[in-house]
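Structure below is start_12.txt: compact mmCIF, C-alpha atoms (C1' of nucleotides).
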```txt
# COMPACT_ATOMS: atom_id res chain seq x y z
CA MET A 1 59.35 53.06 5.86
CA TYR A 2 55.93 53.52 4.26
CA GLU A 3 56.88 54.98 0.87
CA GLN A 4 56.27 51.83 -1.13
CA LEU A 5 52.96 51.18 0.59
CA PHE A 6 51.56 54.63 -0.08
CA SER A 7 52.71 54.60 -3.63
CA SER A 8 50.99 51.22 -4.08
CA ILE A 9 47.78 52.61 -2.59
CA ARG A 10 47.87 55.92 -4.45
CA ASP A 11 48.35 54.08 -7.73
CA ARG A 12 44.86 52.66 -7.21
CA VAL A 13 42.75 54.98 -5.03
CA ARG A 14 42.70 58.59 -3.86
CA LEU A 15 43.52 59.19 -0.21
CA ALA A 16 42.46 62.22 1.84
CA ASP A 17 45.44 64.03 3.35
CA ASN A 18 44.86 62.78 6.88
CA GLU A 19 44.11 59.21 5.85
CA ALA A 20 47.70 58.33 5.05
CA GLU A 21 48.66 58.99 8.65
CA GLU A 22 45.72 56.97 9.96
CA ILE A 23 46.57 54.03 7.78
CA LYS A 24 50.00 53.65 9.29
CA ARG A 25 48.72 52.61 12.68
CA PHE A 26 47.11 49.44 11.35
CA PHE A 27 50.44 48.04 10.24
CA VAL A 28 53.23 46.47 12.24
CA PRO A 29 56.71 47.03 10.77
CA LYS A 30 59.01 44.05 10.87
CA LYS A 31 62.55 43.44 9.73
CA ILE A 32 63.50 39.96 8.69
CA ARG A 33 66.91 38.64 7.74
CA LYS A 34 67.88 36.56 4.74
CA ARG A 35 66.94 32.89 5.17
CA GLN A 36 64.48 33.59 7.98
CA PHE A 37 60.95 32.27 7.63
CA LEU A 38 57.95 34.53 7.93
CA LEU A 39 55.59 31.53 7.79
CA ASN A 40 55.93 27.78 8.13
CA ALA A 41 53.47 25.40 6.48
CA GLY A 42 51.19 24.00 9.17
CA GLU A 43 50.93 27.23 11.12
CA VAL A 44 48.04 29.63 10.66
CA CYS A 45 49.01 32.64 8.56
CA ARG A 46 48.07 35.57 10.81
CA TYR A 47 48.90 38.42 8.45
CA ILE A 48 49.50 39.53 4.94
CA ALA A 49 52.86 41.18 4.47
CA PHE A 50 53.69 44.17 2.31
CA VAL A 51 57.30 44.36 1.16
CA GLU A 52 58.90 47.78 1.66
CA LYS A 53 62.38 46.50 0.96
CA GLY A 54 63.98 43.20 0.12
CA MET A 55 62.59 40.03 -1.42
CA LEU A 56 60.75 36.89 -0.30
CA ARG A 57 59.38 33.74 -1.82
CA SER A 58 56.48 31.46 -0.96
CA PHE A 59 56.73 27.76 -1.67
CA SER A 60 55.13 24.43 -0.89
CA VAL A 61 56.89 21.14 -0.25
CA ASP A 62 55.41 18.02 -1.84
CA LEU A 63 55.32 14.48 -0.45
CA GLN A 64 58.70 13.64 -1.97
CA GLY A 65 60.21 16.70 -0.30
CA HIS A 66 60.51 18.77 -3.48
CA GLU A 67 60.05 22.51 -3.12
CA GLN A 68 57.65 24.28 -5.46
CA VAL A 69 58.05 28.04 -5.61
CA VAL A 70 54.63 29.65 -5.95
CA SER A 71 55.47 33.34 -5.86
CA PHE A 72 58.12 35.95 -5.29
CA ALA A 73 57.57 39.35 -3.72
CA CYS A 74 59.87 42.34 -4.10
CA GLU A 75 59.33 45.99 -3.10
CA GLY A 76 55.72 47.04 -3.56
CA TRP A 77 54.26 43.53 -3.50
CA TRP A 78 52.15 41.68 -0.99
CA ILE A 79 52.85 38.14 0.09
CA SER A 80 50.89 35.70 2.23
CA ASP A 81 49.18 32.34 2.28
CA LEU A 82 45.92 33.99 1.34
CA SER A 83 43.78 30.95 1.93
CA SER A 84 45.12 30.45 5.43
CA PHE A 85 44.94 34.16 6.19
CA LEU A 86 41.32 34.51 5.11
CA SER A 87 39.97 31.22 6.41
CA GLY A 88 42.14 30.55 9.46
CA ASP A 89 43.09 27.09 8.19
CA GLU A 90 46.61 25.74 8.36
CA ALA A 91 48.97 27.21 5.79
CA VAL A 92 50.20 24.98 2.99
CA TYR A 93 52.93 27.40 1.98
CA ASN A 94 56.18 28.50 3.57
CA ILE A 95 57.40 32.08 3.23
CA GLU A 96 61.12 32.77 3.38
CA ALA A 97 63.21 35.92 3.00
CA LEU A 98 65.68 35.74 0.11
CA GLU A 99 67.28 39.02 1.22
CA ASP A 100 67.27 41.06 4.41
CA SER A 101 63.83 42.64 4.17
CA GLU A 102 61.56 45.25 5.69
CA LEU A 103 57.91 44.34 5.91
CA LEU A 104 54.64 45.90 6.97
CA LEU A 105 52.35 43.31 8.52
CA LEU A 106 48.57 43.52 8.54
CA THR A 107 46.56 41.13 10.72
CA THR A 108 43.00 40.04 10.00
CA GLU A 109 41.68 42.25 12.80
CA SER A 110 43.65 45.32 11.74
CA MET A 111 42.53 44.80 8.21
CA GLU A 112 38.88 44.59 9.14
CA GLU A 113 39.15 47.70 11.31
CA MET A 114 40.98 49.55 8.59
CA LEU A 115 38.36 48.64 5.97
CA ASN A 116 35.66 50.03 8.28
CA HIS A 117 37.53 53.25 8.96
CA ILE A 118 38.99 54.07 5.61
CA HIS A 119 36.56 53.45 2.87
CA GLY A 120 39.00 53.65 -0.03
CA MET A 121 40.91 50.65 1.22
CA GLU A 122 37.98 48.37 0.39
CA ARG A 123 38.50 49.29 -3.21
CA TYR A 124 42.26 48.96 -2.93
CA PHE A 125 42.04 45.38 -1.74
CA ARG A 126 39.36 44.45 -4.18
CA LEU A 127 41.60 45.67 -7.00
CA LEU A 128 44.52 43.73 -5.56
CA MET A 129 42.48 40.52 -5.44
CA GLN A 130 41.26 41.08 -8.95
CA ASN A 131 44.77 41.68 -10.27
CA HIS A 132 45.90 38.61 -8.43
CA ILE A 133 43.28 36.46 -10.13
CA VAL A 134 44.08 37.89 -13.53
CA SER A 135 47.79 37.29 -13.12
CA LEU A 136 47.26 33.76 -11.81
CA GLN A 137 45.13 33.01 -14.83
CA ARG A 138 47.72 34.43 -17.19
CA ARG A 139 50.45 32.41 -15.55
CA LEU A 140 48.31 29.31 -15.79
CA VAL A 141 47.72 29.76 -19.51
CA ALA A 142 51.42 30.42 -20.01
CA SER A 143 52.45 27.37 -18.01
CA LEU A 144 50.13 25.17 -20.05
CA ASN A 145 50.97 26.44 -23.49
CA TYR A 146 54.41 27.99 -23.58
CA SER A 147 57.81 26.35 -23.84
CA ALA A 148 60.29 26.74 -21.01
CA GLU A 149 62.22 29.31 -23.00
CA ASP A 150 59.12 31.36 -23.77
CA LYS A 151 58.10 31.35 -20.12
CA TYR A 152 61.58 32.55 -19.17
CA ARG A 153 61.54 35.33 -21.75
CA LYS A 154 58.10 36.41 -20.60
CA LEU A 155 59.26 36.58 -17.00
CA LEU A 156 62.35 38.49 -18.05
CA GLU A 157 60.15 40.99 -19.83
CA ILE A 158 57.48 41.38 -17.15
CA ASN A 159 59.55 40.96 -14.03
CA PRO A 160 63.28 41.41 -14.61
CA ASP A 161 63.71 42.10 -10.90
CA ILE A 162 62.99 38.51 -10.03
CA ILE A 163 65.43 37.17 -12.57
CA SER A 164 68.27 39.41 -11.51
CA ARG A 165 67.79 38.97 -7.77
CA ALA A 166 66.50 35.45 -7.10
CA PRO A 167 68.80 32.42 -7.20
CA LEU A 168 68.54 30.30 -10.32
CA GLN A 169 67.16 27.23 -8.59
CA HIS A 170 64.18 29.18 -7.23
CA ILE A 171 63.41 30.77 -10.57
CA ALA A 172 63.58 27.33 -12.16
CA SER A 173 61.06 25.98 -9.67
CA TYR A 174 58.82 29.01 -10.23
CA LEU A 175 58.86 28.29 -13.97
CA GLY A 176 58.35 24.57 -13.46
CA VAL A 177 61.67 23.45 -14.94
CA THR A 178 64.84 21.93 -13.49
CA PRO A 179 67.84 24.10 -12.63
CA GLU A 180 69.83 22.38 -15.38
CA THR A 181 67.27 23.33 -18.01
CA LEU A 182 67.08 26.92 -16.82
CA SER A 183 70.84 27.19 -16.89
CA ARG A 184 70.87 26.10 -20.52
CA ILE A 185 68.00 28.42 -21.41
CA ARG A 186 69.78 31.33 -19.81
CA LYS A 187 72.89 30.69 -21.90
CA GLN A 188 70.74 30.39 -25.00
CA VAL A 189 68.93 33.66 -24.28
CA SER A 190 72.11 35.58 -23.47
CA ARG A 191 73.45 34.60 -26.88
CA LYS A 192 70.32 35.50 -28.84
CA PRO A 193 68.17 37.92 -26.78
CA MET B 1 15.09 27.27 -11.74
CA TYR B 2 16.93 28.51 -8.64
CA GLU B 3 17.62 25.24 -6.81
CA GLN B 4 21.31 25.07 -7.67
CA LEU B 5 21.84 28.72 -6.80
CA PHE B 6 20.27 28.47 -3.37
CA SER B 7 22.08 25.30 -2.57
CA SER B 8 25.36 26.99 -3.55
CA ILE B 9 24.54 29.94 -1.30
CA ARG B 10 23.29 27.87 1.64
CA ASP B 11 26.44 25.79 1.54
CA ARG B 12 28.32 28.94 2.53
CA VAL B 13 26.05 31.35 4.43
CA ARG B 14 22.76 31.32 6.33
CA LEU B 15 19.83 33.03 4.68
CA ALA B 16 16.79 34.45 6.45
CA ASP B 17 13.55 32.91 5.15
CA ASN B 18 12.48 35.94 3.17
CA GLU B 19 15.92 36.62 1.73
CA ALA B 20 15.81 33.75 -0.72
CA GLU B 21 12.78 35.31 -2.43
CA GLU B 22 14.42 38.72 -2.50
CA ILE B 23 17.55 37.37 -4.04
CA LYS B 24 15.74 36.02 -7.07
CA ARG B 25 14.85 39.46 -8.39
CA PHE B 26 18.48 40.42 -8.93
CA PHE B 27 19.02 37.65 -11.45
CA VAL B 28 17.97 37.38 -15.05
CA PRO B 29 17.28 33.81 -16.19
CA LYS B 30 18.57 32.92 -19.62
CA LYS B 31 18.51 29.78 -21.72
CA ILE B 32 21.29 29.23 -24.17
CA ARG B 33 21.69 26.50 -26.74
CA LYS B 34 24.66 24.30 -27.44
CA ARG B 35 27.34 26.10 -29.47
CA GLN B 36 25.95 29.55 -28.70
CA PHE B 37 28.29 32.13 -27.25
CA LEU B 38 27.53 33.95 -24.02
CA LEU B 39 30.54 36.20 -24.51
CA ASN B 40 32.92 37.05 -27.34
CA ALA B 41 36.43 38.25 -26.70
CA GLY B 42 36.57 41.98 -27.36
CA GLU B 43 33.14 42.72 -25.89
CA VAL B 44 32.71 43.90 -22.32
CA CYS B 45 31.52 41.12 -20.04
CA ARG B 46 28.38 42.61 -18.49
CA TYR B 47 27.49 39.79 -16.10
CA ILE B 48 28.66 36.78 -14.24
CA ALA B 49 26.63 33.69 -14.99
CA PHE B 50 25.53 30.97 -12.62
CA VAL B 51 24.88 27.60 -14.23
CA GLU B 52 21.60 26.00 -13.15
CA LYS B 53 21.76 23.36 -15.84
CA GLY B 54 24.10 22.44 -18.66
CA MET B 55 27.75 23.15 -19.25
CA LEU B 56 29.94 25.91 -20.66
CA ARG B 57 33.58 26.62 -21.28
CA SER B 58 35.67 29.76 -21.37
CA PHE B 59 38.66 29.99 -23.67
CA SER B 60 41.09 32.39 -25.22
CA VAL B 61 42.47 32.34 -28.75
CA ASP B 62 46.16 33.05 -29.23
CA LEU B 63 47.85 34.86 -32.10
CA GLN B 64 48.23 31.64 -34.10
CA GLY B 65 44.51 30.97 -33.70
CA HIS B 66 44.89 28.17 -31.14
CA GLU B 67 42.15 27.86 -28.54
CA GLN B 68 43.14 27.61 -24.91
CA VAL B 69 40.41 26.35 -22.60
CA VAL B 70 40.64 28.19 -19.29
CA SER B 71 37.67 26.80 -17.40
CA PHE B 72 34.55 24.69 -17.55
CA ALA B 73 31.35 25.34 -15.62
CA CYS B 74 28.67 22.76 -14.90
CA GLU B 75 25.64 22.96 -12.59
CA GLY B 76 26.39 24.98 -9.47
CA TRP B 77 29.37 26.85 -10.91
CA TRP B 78 29.87 30.45 -11.91
CA ILE B 79 31.48 31.49 -15.16
CA SER B 80 32.58 34.87 -16.47
CA ASP B 81 35.53 36.89 -17.65
CA LEU B 82 36.03 38.20 -14.15
CA SER B 83 38.56 40.80 -15.09
CA SER B 84 36.34 42.32 -17.74
CA PHE B 85 33.27 42.07 -15.50
CA LEU B 86 34.91 43.84 -12.58
CA SER B 87 36.93 46.43 -14.48
CA GLY B 88 34.80 47.07 -17.56
CA ASP B 89 37.72 46.36 -19.89
CA GLU B 90 37.39 44.29 -23.03
CA ALA B 91 37.11 40.57 -22.42
CA VAL B 92 39.99 38.36 -23.48
CA TYR B 93 37.96 35.16 -23.12
CA ASN B 94 35.10 33.66 -25.06
CA ILE B 95 32.34 31.75 -23.30
CA GLU B 96 30.49 29.06 -25.20
CA ALA B 97 27.76 26.60 -24.25
CA LEU B 98 28.81 22.96 -24.66
CA GLU B 99 25.26 21.80 -23.93
CA ASP B 100 21.85 23.47 -23.93
CA SER B 101 22.05 25.38 -20.67
CA GLU B 102 20.01 27.38 -18.18
CA LEU B 103 21.79 30.33 -16.63
CA LEU B 104 21.15 33.01 -14.05
CA LEU B 105 22.81 36.26 -15.01
CA LEU B 106 23.93 38.90 -12.56
CA THR B 107 24.96 42.34 -13.83
CA THR B 108 27.40 44.62 -12.07
CA GLU B 109 24.56 46.92 -10.99
CA SER B 110 22.35 44.11 -9.71
CA MET B 111 25.26 42.67 -7.86
CA GLU B 112 26.07 45.93 -6.14
CA GLU B 113 22.45 46.45 -5.19
CA MET B 114 22.17 42.91 -3.90
CA LEU B 115 25.30 43.26 -1.80
CA ASN B 116 23.85 46.37 -0.20
CA HIS B 117 20.48 44.76 0.51
CA ILE B 118 21.46 41.30 1.59
CA HIS B 119 24.41 41.35 3.83
CA GLY B 120 25.19 37.63 3.72
CA MET B 121 25.93 37.81 0.02
CA GLU B 122 29.04 39.89 0.65
CA ARG B 123 30.43 36.91 2.48
CA TYR B 124 29.22 34.49 -0.16
CA PHE B 125 31.10 36.28 -2.92
CA ARG B 126 34.18 36.78 -0.82
CA LEU B 127 34.28 33.04 -0.21
CA LEU B 128 33.79 32.37 -3.90
CA MET B 129 36.71 34.64 -4.81
CA GLN B 130 38.86 33.05 -2.18
CA ASN B 131 38.06 29.53 -3.39
CA HIS B 132 38.72 30.66 -6.91
CA ILE B 133 42.19 31.90 -5.99
CA VAL B 134 42.99 28.74 -4.08
CA SER B 135 41.90 26.50 -6.93
CA LEU B 136 43.78 28.57 -9.50
CA GLN B 137 46.90 28.27 -7.39
CA ARG B 138 46.46 24.53 -7.04
CA ARG B 139 45.97 24.14 -10.77
CA LEU B 140 49.06 26.23 -11.38
CA VAL B 141 51.23 24.09 -9.13
CA ALA B 142 49.80 20.96 -10.75
CA SER B 143 50.39 22.24 -14.26
CA LEU B 144 53.99 23.08 -13.44
CA ASN B 145 54.94 19.91 -11.63
CA TYR B 146 52.73 17.03 -12.70
CA SER B 147 52.88 14.82 -15.77
CA ALA B 148 50.02 14.86 -18.24
CA GLU B 149 48.73 11.56 -16.88
CA ASP B 150 48.81 12.77 -13.28
CA LYS B 151 46.93 15.93 -14.23
CA TYR B 152 44.32 13.81 -15.99
CA ARG B 153 43.93 11.48 -13.01
CA LYS B 154 43.62 14.44 -10.68
CA LEU B 155 40.90 15.98 -12.81
CA LEU B 156 39.13 12.63 -13.00
CA GLU B 157 39.19 12.43 -9.22
CA ILE B 158 38.17 16.03 -8.47
CA ASN B 159 35.85 16.72 -11.36
CA PRO B 160 34.61 13.57 -13.10
CA ASP B 161 31.70 15.57 -14.51
CA ILE B 162 33.96 17.49 -16.81
CA ILE B 163 35.65 14.38 -18.13
CA SER B 164 32.43 12.55 -18.83
CA ARG B 165 30.63 15.48 -20.43
CA ALA B 166 33.16 17.66 -22.25
CA PRO B 167 34.60 16.66 -25.64
CA LEU B 168 38.11 15.26 -25.54
CA GLN B 169 39.72 18.10 -27.45
CA HIS B 170 38.51 20.67 -24.93
CA ILE B 171 39.69 18.63 -21.97
CA ALA B 172 43.05 18.25 -23.68
CA SER B 173 43.36 22.00 -24.09
CA TYR B 174 42.31 22.53 -20.47
CA LEU B 175 45.08 20.17 -19.36
CA GLY B 176 47.61 21.72 -21.73
CA VAL B 177 48.17 18.63 -23.90
CA THR B 178 47.29 17.69 -27.46
CA PRO B 179 44.16 15.64 -28.23
CA GLU B 180 46.39 12.77 -29.41
CA THR B 181 48.21 12.63 -26.11
CA LEU B 182 45.00 12.75 -24.09
CA SER B 183 43.52 9.96 -26.20
CA ARG B 184 46.52 7.77 -25.38
CA ILE B 185 46.42 8.70 -21.71
CA ARG B 186 42.75 7.84 -21.55
CA LYS B 187 43.41 4.38 -23.00
CA GLN B 188 46.28 3.92 -20.56
CA VAL B 189 44.14 4.93 -17.59
CA SER B 190 41.17 2.77 -18.62
CA ARG B 191 43.49 -0.24 -18.63
CA LYS B 192 45.13 0.47 -15.27
CA PRO B 193 42.89 2.84 -13.23
C1' DC C 1 24.84 6.51 -48.55
C1' DG C 2 28.43 9.49 -48.22
C1' DC C 3 30.34 13.41 -45.92
C1' DG C 4 32.90 15.50 -42.14
C1' DG C 5 34.29 16.47 -37.51
C1' DG C 6 36.18 14.33 -33.79
C1' DT C 7 38.87 10.58 -32.09
C1' DT C 8 42.29 6.95 -32.44
C1' DT C 9 46.63 4.89 -33.88
C1' DG C 10 51.32 4.89 -35.61
C1' DA C 11 55.97 6.72 -36.61
C1' DT C 12 59.24 10.20 -35.80
C1' DG C 13 61.42 14.02 -33.57
C1' DA C 14 61.96 17.83 -30.18
C1' DT C 15 61.86 19.32 -25.60
C1' DG C 16 63.11 18.87 -21.11
C1' DC C 17 64.38 15.39 -17.24
C1' DT C 18 67.79 12.44 -14.86
C1' DC C 19 72.14 11.22 -13.46
C1' DA C 20 76.89 12.25 -13.16
C1' DA C 21 80.80 15.04 -13.18
C1' DG C 22 83.24 19.35 -13.07
C1' DC C 23 83.51 24.21 -12.05
C1' DC C 24 83.15 28.54 -9.65
C1' DC C 25 83.08 31.33 -5.67
C1' DG C 26 82.19 32.80 -1.04
C1' DG C 27 82.80 31.43 3.64
C1' DT C 28 85.48 29.07 7.35
C1' DG C 29 89.21 27.55 9.99
C1' DG C 30 94.03 26.85 10.35
C1' DC D 1 96.55 34.92 4.08
C1' DC D 2 95.84 30.68 2.23
C1' DA D 3 93.77 26.01 1.85
C1' DC D 4 89.82 23.74 1.82
C1' DC D 5 85.24 22.95 1.86
C1' DG D 6 80.51 22.95 0.13
C1' DG D 7 76.51 24.77 -2.20
C1' DG D 8 75.00 26.37 -6.35
C1' DC D 9 75.66 26.66 -11.12
C1' DT D 10 77.21 24.59 -15.52
C1' DT D 11 78.05 21.00 -18.89
C1' DG D 12 77.42 16.52 -21.00
C1' DA D 13 75.18 12.03 -22.34
C1' DG D 14 71.26 9.23 -22.47
C1' DC D 15 66.40 8.72 -21.86
C1' DA D 16 61.27 9.67 -21.08
C1' DT D 17 57.54 12.34 -22.24
C1' DC D 18 54.90 14.62 -25.23
C1' DA D 19 54.26 17.20 -29.84
C1' DT D 20 53.84 16.80 -34.73
C1' DC D 21 52.43 14.88 -38.92
C1' DA D 22 49.83 11.56 -41.35
C1' DA D 23 46.49 8.13 -41.95
C1' DA D 24 42.65 5.39 -40.59
C1' DC D 25 38.54 5.01 -38.15
C1' DC D 26 34.02 5.93 -36.15
C1' DC D 27 29.56 7.74 -35.99
C1' DG D 28 25.96 11.20 -36.33
C1' DC D 29 23.66 13.79 -39.79
C1' DG D 30 22.18 15.63 -44.08
```
In structure tokens, write the structure found in this file.
Amino acid sequence: MYEQLFSSIRDRVRLADNEAEEIKRFFVPKKIRKRQFLLNAGEVCRYIAFVEKGMLRSFSVDLQGHEQVVSFACEGWWISDLSSFLSGDEAVYNIEALEDSELLLLTTESMEEMLNHIHGMERYFRLLMQNHIVSLQRRLVASLNYSAEDKYRKLLEINPDIISRAPLQHIASYLGVTPETLSRIRKQVSRKP
Amino acid sequence: MYEQLFSSIRDRVRLADNEAEEIKRFFVPKKIRKRQFLLNAGEVCRYIAFVEKGMLRSFSVDLQGHEQVVSFACEGWWISDLSSFLSGDEAVYNIEALEDSELLLLTTESMEEMLNHIHGMERYFRLLMQNHIVSLQRRLVASLNYSAEDKYRKLLEINPDIISRAPLQHIASYLGVTPETLSRIRKQVSRKP
DNA sequence: CGCGGGTTTGATGATGCTCAAGCCCGGTGG
DNA sequence: CCACCGGGCTTGAGCATCATCAAACCCGCG
């Protein structure tokens, strides 16, 4: 149940032998079924969730009722409304399971306690934040300068998991195109990879 | 020389009376003239810069030689290649002064020392990071879902400084449109605000 | 005064959206 | 087990937005 988590941590920092065991107690395991919501916009996001198994998406809904997919999370990824989690404000994003999933939840309080107890985790989360900023910036540059097809190819290259597992309409929203356009791009790409 | 900095800090955390003085010593003031570069892609970014006066931009250059403006920074803003600063890797962004500017530079070492000495600054930088992520995410959603004109109007509303002070071509790049398109949008908007 | 970079304007074309219809497939109820 | 939904994906036609290319314009500066 904790394999993915420890492999994510050990990719970034060294853990003492006993620390792995200690870390477990700060997390609350949770199973969630396809289509269930982990977070509704308007609530306060009380935890960040690590995905051990399955897949989720976060998305906002604009004034016209259109969904905008902001991120996906498969095994080994974190997902949350970070702003709401850190500040205690109301969440602007919804989080929904796209598959039956197994999560490890970390509340603000657990996190703080863990950071005090296990020094290496400070570094782990700082690296996560940093990577998050870098990838947001890359996505931003891509979204501003690349064609729809290029963005699709890039996603296919960097994150084939998402493309093979998420429904087309959600991928389209994530890329900022309509489902029709993505359908045509996909045909195009399958002909000439 | 430190007015903007202290007002930025005091907006977010309380400082003890003597702390303001202490903080100063961690920064290195630097003046930089219009068109000078604070950072070249390929170097390591050794500091984050706080803008007391003036204006800068950060931008990347793609394989075809096209510039992509990633951010602007006016008075009261920080600018850096965060990834390079935090990890020590080579910078992918250039930073250039668009006006004669007065900066306060903070190196990695100074920053670490300051965080140890002055507890409130931990919080200050965490809030900065958090705001940075939130604003990147907002910009991303906007860039994926809004028309060029809507993005321009939004920028005009949120950050009129940039629009009045930066050259059109750089604003265009920042918004992900061509200078021609932005010129037409600007005419359009000036007619019907 | 003339040069040159940046901006504006115009004409044309590509990319991607909208609307509409058809298709495919998994789930449900008879 | 089959018929029938119904949601999601595909396909098509027409249209809006924005890019490209080219030329003119403007203005600060040598």
**Q.** chain A contacts to chain B at 7 Å (only C-alpha atoms) as a ChimeraX atom specification
**A.** /A:83,130,133-134,136,140,143-145,176
Q) Which is closer to Asp89 of chain A than all the others in A:Glu43, A:Asp11, A:Asp161, A:Asp150, using only C-alpha atoms? A)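 Result for the nearest residue to Asp89 of chain A: A:Glu43.
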Q. Got a sec: who's within 12 Å of Ile158 of chain B, counting only C-alpha atoms (C1' of nucleotides), leaving out chain neighbours fewer than 4 positions off, as a PyMOL selection string?
A. chain B and resi 135+138-139+151-154+162-163
Contact set, chain B to chain D: 12 Å, all atoms listed in the file, as a PDB file with C-alpha atoms, keeping the file's coordinate frame:
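This is the output file iface27.pdb:
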```
ATOM      1  CA  TYR B 146      52.730  17.030 -12.700  1.00  0.00           C
ATOM      2  CA  SER B 147      52.880  14.820 -15.770  1.00  0.00           C
ATOM      3  CA  ALA B 148      50.020  14.860 -18.240  1.00  0.00           C
ATOM      4  CA  GLU B 149      48.730  11.560 -16.880  1.00  0.00           C
ATOM      5  CA  GLY B 176      47.610  21.720 -21.730  1.00  0.00           C
ATOM      6  CA  VAL B 177      48.170  18.630 -23.900  1.00  0.00           C
ATOM      7  CA  THR B 178      47.290  17.690 -27.460  1.00  0.00           C
ATOM      8  CA  PRO B 179      44.160  15.640 -28.230  1.00  0.00           C
ATOM      9  CA  GLU B 180      46.390  12.770 -29.410  1.00  0.00           C
ATOM     10  CA  THR B 181      48.210  12.630 -26.110  1.00  0.00           C
ATOM     11  CA  LEU B 182      45.000  12.750 -24.090  1.00  0.00           C
ATOM     12  CA  ARG B 184      46.520   7.770 -25.380  1.00  0.00           C
ATOM     13  CA  ILE B 185      46.420   8.700 -21.710  1.00  0.00           C
TER      14      ILE B 185
END
```
Q: Rank nothing, just name the residue among B:Leu128, B:Gln169, B:Lys24, B:Ala49 nearest to DG5 of chain C, using all atoms listed in the file.
A: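 The answer is B:Gln169, which sits nearest to DG5 of chain C.
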Q | Of the listed residues B:Ser190, B:Ser71, B:Glu19, B:Gly76, that which approaches Ala172 of chain B most closely, counting only C-alpha atoms | A |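 Counting only C-alpha atoms, the residue closest to Ala172 of chain B is B:Ser71.
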**Q.** Gap from atom CA of Asp17 of chain A to atom CA of Lys30 of chain A - Å, one decimal
**A.**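 Taking atom CA of Asp17 of chain A and atom CA of Lys30 of chain A, their separation equals 25.3 Å.
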Taking only C-alpha atoms (C1' of nucleotides) into account, report as a PDB file with C-alpha atoms (C1' of nucleotides), in the frame of the given file which residues of chain C lie within 10 Å of chain A.
```pdb
ATOM      1  C1'  DT C  15      61.860  19.320 -25.600  1.00  0.00           C
ATOM      2  C1'  DG C  16      63.110  18.870 -21.110  1.00  0.00           C
ATOM      3  C1'  DC C  17      64.380  15.390 -17.240  1.00  0.00           C
TER       4       DC C  17
END
```
Q.
If we count all atoms listed in the file and set the cut-off at 12 Å, which residues sit around segment 50-54 of chain A, ignoring sequence neighbours fewer than 2 positions away in its own chain? Please answer as a count of residues only.
A. 48
Q | Atom-to-atom span, atom CA of Glu67 of chain A and atom C1' of DT18 of chain C, Å | A | 17.3 Å
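A straight line drawn from atom CA of Val189 of chain A to atom C1' of DC24 of chain C is 21.0 Å long.
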Q: Please determine the residues with any atom at most 12 Å from (21.4, 30.9, 7.5) (coordinates as given in the file, with all atoms listed in the file counting) and report them as a VMD selection string.
A: chain B and resid 6 to 7 9 to 20 118 to 121 123 to 124
With N, CA and C atoms as the goal, would you fill in the gaps in segment 161-171 of chain B and present it as an mmCIF file, in the frame of the given file?
```
data_model
loop_
_atom_site.group_PDB
_atom_site.id
_atom_site.type_symbol
_atom_site.label_atom_id
_atom_site.label_comp_id
_atom_site.auth_asym_id
_atom_site.auth_seq_id
_atom_site.Cartn_x
_atom_site.Cartn_y
_atom_site.Cartn_z
ATOM 1 N N ASP B 161 32.704 14.982 -13.633
ATOM 2 C CA ASP B 161 31.700 15.570 -14.510
ATOM 3 C C ASP B 161 32.296 16.087 -15.805
ATOM 4 N N ILE B 162 33.345 16.876 -15.652
ATOM 5 C CA ILE B 162 33.960 17.490 -16.810
ATOM 6 C C ILE B 162 34.419 16.425 -17.785
ATOM 7 N N ILE B 163 35.084 15.404 -17.253
ATOM 8 C CA ILE B 163 35.650 14.380 -18.130
ATOM 9 C C ILE B 163 34.577 13.588 -18.846
ATOM 10 N N SER B 164 33.456 13.352 -18.176
ATOM 11 C CA SER B 164 32.430 12.550 -18.830
ATOM 12 C C SER B 164 31.604 13.375 -19.813
ATOM 13 N N ARG B 165 31.540 14.689 -19.606
ATOM 14 C CA ARG B 165 30.630 15.480 -20.430
ATOM 15 C C ARG B 165 31.298 16.337 -21.496
ATOM 16 N N ALA B 166 32.529 16.779 -21.270
ATOM 17 C CA ALA B 166 33.160 17.660 -22.250
ATOM 18 C C ALA B 166 33.849 16.839 -23.334
ATOM 19 N N PRO B 167 33.884 17.353 -24.571
ATOM 20 C CA PRO B 167 34.600 16.660 -25.640
ATOM 21 C C PRO B 167 36.098 16.588 -25.346
ATOM 22 N N LEU B 168 36.689 15.529 -25.814
ATOM 23 C CA LEU B 168 38.110 15.260 -25.540
ATOM 24 C C LEU B 168 39.023 16.427 -25.884
ATOM 25 N N GLN B 169 38.810 17.032 -27.026
ATOM 26 C CA GLN B 169 39.720 18.100 -27.450
ATOM 27 C C GLN B 169 39.733 19.269 -26.471
ATOM 28 N N HIS B 170 38.557 19.560 -25.876
ATOM 29 C CA HIS B 170 38.510 20.670 -24.930
ATOM 30 C C HIS B 170 39.188 20.308 -23.619
ATOM 31 N N ILE B 171 39.015 19.065 -23.189
ATOM 32 C CA ILE B 171 39.690 18.630 -21.970
ATOM 33 C C ILE B 171 41.199 18.665 -22.174
#
```
